[in-house]
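This report refers to the structure that appears directly beneath it.
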Amino acid sequence: MGAHSIIQGDEIVLEAELFSLDGSQRFYEKKSSKIENAEELGKEVGQILKKKSNNSYKK
């Protein structure tokens, strides 16, 4: 799992990635939102990555 975020004005840009157990697949998502919605953005991106990976990551 990797994540990186930057703040641009009143927005936060979040990039995150998740890898399969054997490392052969990478699942990536990039989204932005108003800073006050940062926590919800993190949760949303996490859910998207879990769905994309079809639960093929270490829990």
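Chain labels A, B, ... are given in the sequence in which chains occur in the structure tokens; within each chain residues are numbered consecutively from 1, and ligands are likewise numbered from 1 in the order shown.
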
Quick one: everything within 12 Å of Asn55 (chain A), counting only C-alpha atoms, minus sequence neighbours fewer than 5 positions away in the same chain. Send it as a ChimeraX atom specification. /A:18-21,27,46-50

With C-alpha atoms retained, write the just-selected residues as an mmCIF file, in the first residue's frame.
data_model
loop_
_atom_site.group_PDB
_atom_site.id
_atom_site.type_symbol
_atom_site.label_atom_id
_atom_site.label_comp_id
_atom_site.auth_asym_id
_atom_site.auth_seq_id
_atom_site.Cartn_x
_atom_site.Cartn_y
_atom_site.Cartn_z
ATOM 1 C CA LEU A 18 -2.333 -1.272 -3.642
ATOM 2 C CA PHE A 19 -0.462 -4.366 -4.785
ATOM 3 C CA SER A 20 -1.538 -7.990 -5.083
ATOM 4 C CA LEU A 21 -0.026 -10.508 -2.672
ATOM 5 C CA PHE A 27 -4.115 -1.032 -8.426
ATOM 6 C CA GLY A 46 -9.577 2.919 -0.068
ATOM 7 C CA GLN A 47 -12.915 1.363 -0.995
ATOM 8 C CA ILE A 48 -12.222 1.857 -4.710
ATOM 9 C CA LEU A 49 -8.841 0.133 -4.398
ATOM 10 C CA LYS A 50 -10.323 -2.758 -2.443
#

Once DSSP has gone over the backbone, tell me which residues of chain A are in helix (DSSP H, G or I), as a PDB file with N, CA and C atoms, in the first residue's frame.
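The resulting file, out09.pdb, is shown below:
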ATOM      1  N   ILE A  35     -10.465  20.296   1.002  1.00  0.00           N
ATOM      2  CA  ILE A  35      -9.691  19.880   2.173  1.00  0.00           C
ATOM      3  C   ILE A  35     -10.589  19.393   3.306  1.00  0.00           C
ATOM      4  N   GLU A  36     -11.706  20.050   3.511  1.00  0.00           N
ATOM      5  CA  GLU A  36     -12.577  19.652   4.624  1.00  0.00           C
ATOM      6  C   GLU A  36     -13.175  18.258   4.438  1.00  0.00           C
ATOM      7  N   ASN A  37     -13.069  17.696   3.242  1.00  0.00           N
ATOM      8  CA  ASN A  37     -13.583  16.352   2.969  1.00  0.00           C
ATOM      9  C   ASN A  37     -12.462  15.322   2.869  1.00  0.00           C
ATOM     10  N   ALA A  38     -11.280  15.628   3.410  1.00  0.00           N
ATOM     11  CA  ALA A  38     -10.107  14.762   3.261  1.00  0.00           C
ATOM     12  C   ALA A  38     -10.340  13.360   3.818  1.00  0.00           C
ATOM     13  N   GLU A  39     -10.962  13.257   4.978  1.00  0.00           N
ATOM     14  CA  GLU A  39     -11.183  11.939   5.579  1.00  0.00           C
ATOM     15  C   GLU A  39     -12.098  11.086   4.702  1.00  0.00           C
ATOM     16  N   GLU A  40     -13.158  11.678   4.210  1.00  0.00           N
ATOM     17  CA  GLU A  40     -14.077  10.950   3.337  1.00  0.00           C
ATOM     18  C   GLU A  40     -13.387  10.546   2.035  1.00  0.00           C
ATOM     19  N   LEU A  41     -12.529  11.421   1.520  1.00  0.00           N
ATOM     20  CA  LEU A  41     -11.785  11.121   0.297  1.00  0.00           C
ATOM     21  C   LEU A  41     -10.900   9.895   0.517  1.00  0.00           C
ATOM     22  N   GLY A  42     -10.204   9.843   1.636  1.00  0.00           N
ATOM     23  CA  GLY A  42      -9.355   8.698   1.943  1.00  0.00           C
ATOM     24  C   GLY A  42     -10.144   7.402   2.011  1.00  0.00           C
ATOM     25  N   LYS A  43     -11.279   7.449   2.659  1.00  0.00           N
ATOM     26  CA  LYS A  43     -12.126   6.260   2.755  1.00  0.00           C
ATOM     27  C   LYS A  43     -12.631   5.829   1.378  1.00  0.00           C
ATOM     28  N   GLU A  44     -13.036   6.807   0.565  1.00  0.00           N
ATOM     29  CA  GLU A  44     -13.544   6.508  -0.772  1.00  0.00           C
ATOM     30  C   GLU A  44     -12.466   5.854  -1.631  1.00  0.00           C
ATOM     31  N   VAL A  45     -11.277   6.422  -1.622  1.00  0.00           N
ATOM     32  CA  VAL A  45     -10.178   5.864  -2.419  1.00  0.00           C
ATOM     33  C   VAL A  45      -9.837   4.454  -1.923  1.00  0.00           C
ATOM     34  N   GLY A  46      -9.829   4.250  -0.618  1.00  0.00           N
ATOM     35  CA  GLY A  46      -9.577   2.919  -0.068  1.00  0.00           C
ATOM     36  C   GLY A  46     -10.594   1.897  -0.544  1.00  0.00           C
ATOM     37  N   GLN A  47     -11.860   2.271  -0.537  1.00  0.00           N
ATOM     38  CA  GLN A  47     -12.915   1.363  -0.995  1.00  0.00           C
ATOM     39  C   GLN A  47     -12.769   1.058  -2.488  1.00  0.00           C
ATOM     40  N   ILE A  48     -12.417   2.067  -3.272  1.00  0.00           N
ATOM     41  CA  ILE A  48     -12.222   1.857  -4.710  1.00  0.00           C
ATOM     42  C   ILE A  48     -11.086   0.868  -4.951  1.00  0.00           C
ATOM     43  N   LEU A  49      -9.978   1.036  -4.231  1.00  0.00           N
ATOM     44  CA  LEU A  49      -8.841   0.133  -4.398  1.00  0.00           C
ATOM     45  C   LEU A  49      -9.184  -1.290  -3.962  1.00  0.00           C
ATOM     46  N   LYS A  50      -9.916  -1.424  -2.875  1.00  0.00           N
ATOM     47  CA  LYS A  50     -10.323  -2.758  -2.443  1.00  0.00           C
ATOM     48  C   LYS A  50     -11.176  -3.430  -3.514  1.00  0.00           C
ATOM     49  N   LYS A  51     -12.070  -2.669  -4.123  1.00  0.00           N
ATOM     50  CA  LYS A  51     -12.939  -3.224  -5.161  1.00  0.00           C
ATOM     51  C   LYS A  51     -12.127  -3.590  -6.408  1.00  0.00           C
ATOM     52  N   LYS A  52     -11.240  -2.694  -6.828  1.00  0.00           N
ATOM     53  CA  LYS A  52     -10.413  -2.954  -8.008  1.00  0.00           C
ATOM     54  C   LYS A  52      -9.565  -4.213  -7.823  1.00  0.00           C
ATOM     55  N   SER A  53      -9.053  -4.412  -6.605  1.00  0.00           N
ATOM     56  CA  SER A  53      -8.144  -5.534  -6.351  1.00  0.00           C
ATOM     57  C   SER A  53      -8.877  -6.846  -6.101  1.00  0.00           C
TER      58      SER A  53
END

When you draw a straight line from CA of Ala16 (chain A) to CA of Lys34 (chain A), how long is it in Å?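 Computed distance, CA of Ala16 (chain A) to CA of Lys34 (chain A), equals 17.2 Å.
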
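Listed by chain and then by rising number, the residues of chain A that DSSP assigns to strand (DSSP E) from the backbone are Gly2, Ala3, His4, Ser5, Ile6, Ile7, Gln8, Glu11, Ile12, Val13, Leu14, Glu15, Ala16, Glu17, Leu18, Phe19, Arg26, Phe27, Tyr28, Glu29, Lys30, Lys31, Ser32, Ser33 and Lys34 of chain A.
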
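Across the model, the gap from CA of Ile6 (chain A) to CA of Ser24 (chain A) is 27.5 Å.
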
Please list as an NGL selection string every residue within 10 Å of Ile7 (chain A), counting only C-alpha atoms and excluding residues in the same chain fewer than 3 positions away. :A and (10-14 or 32-35)
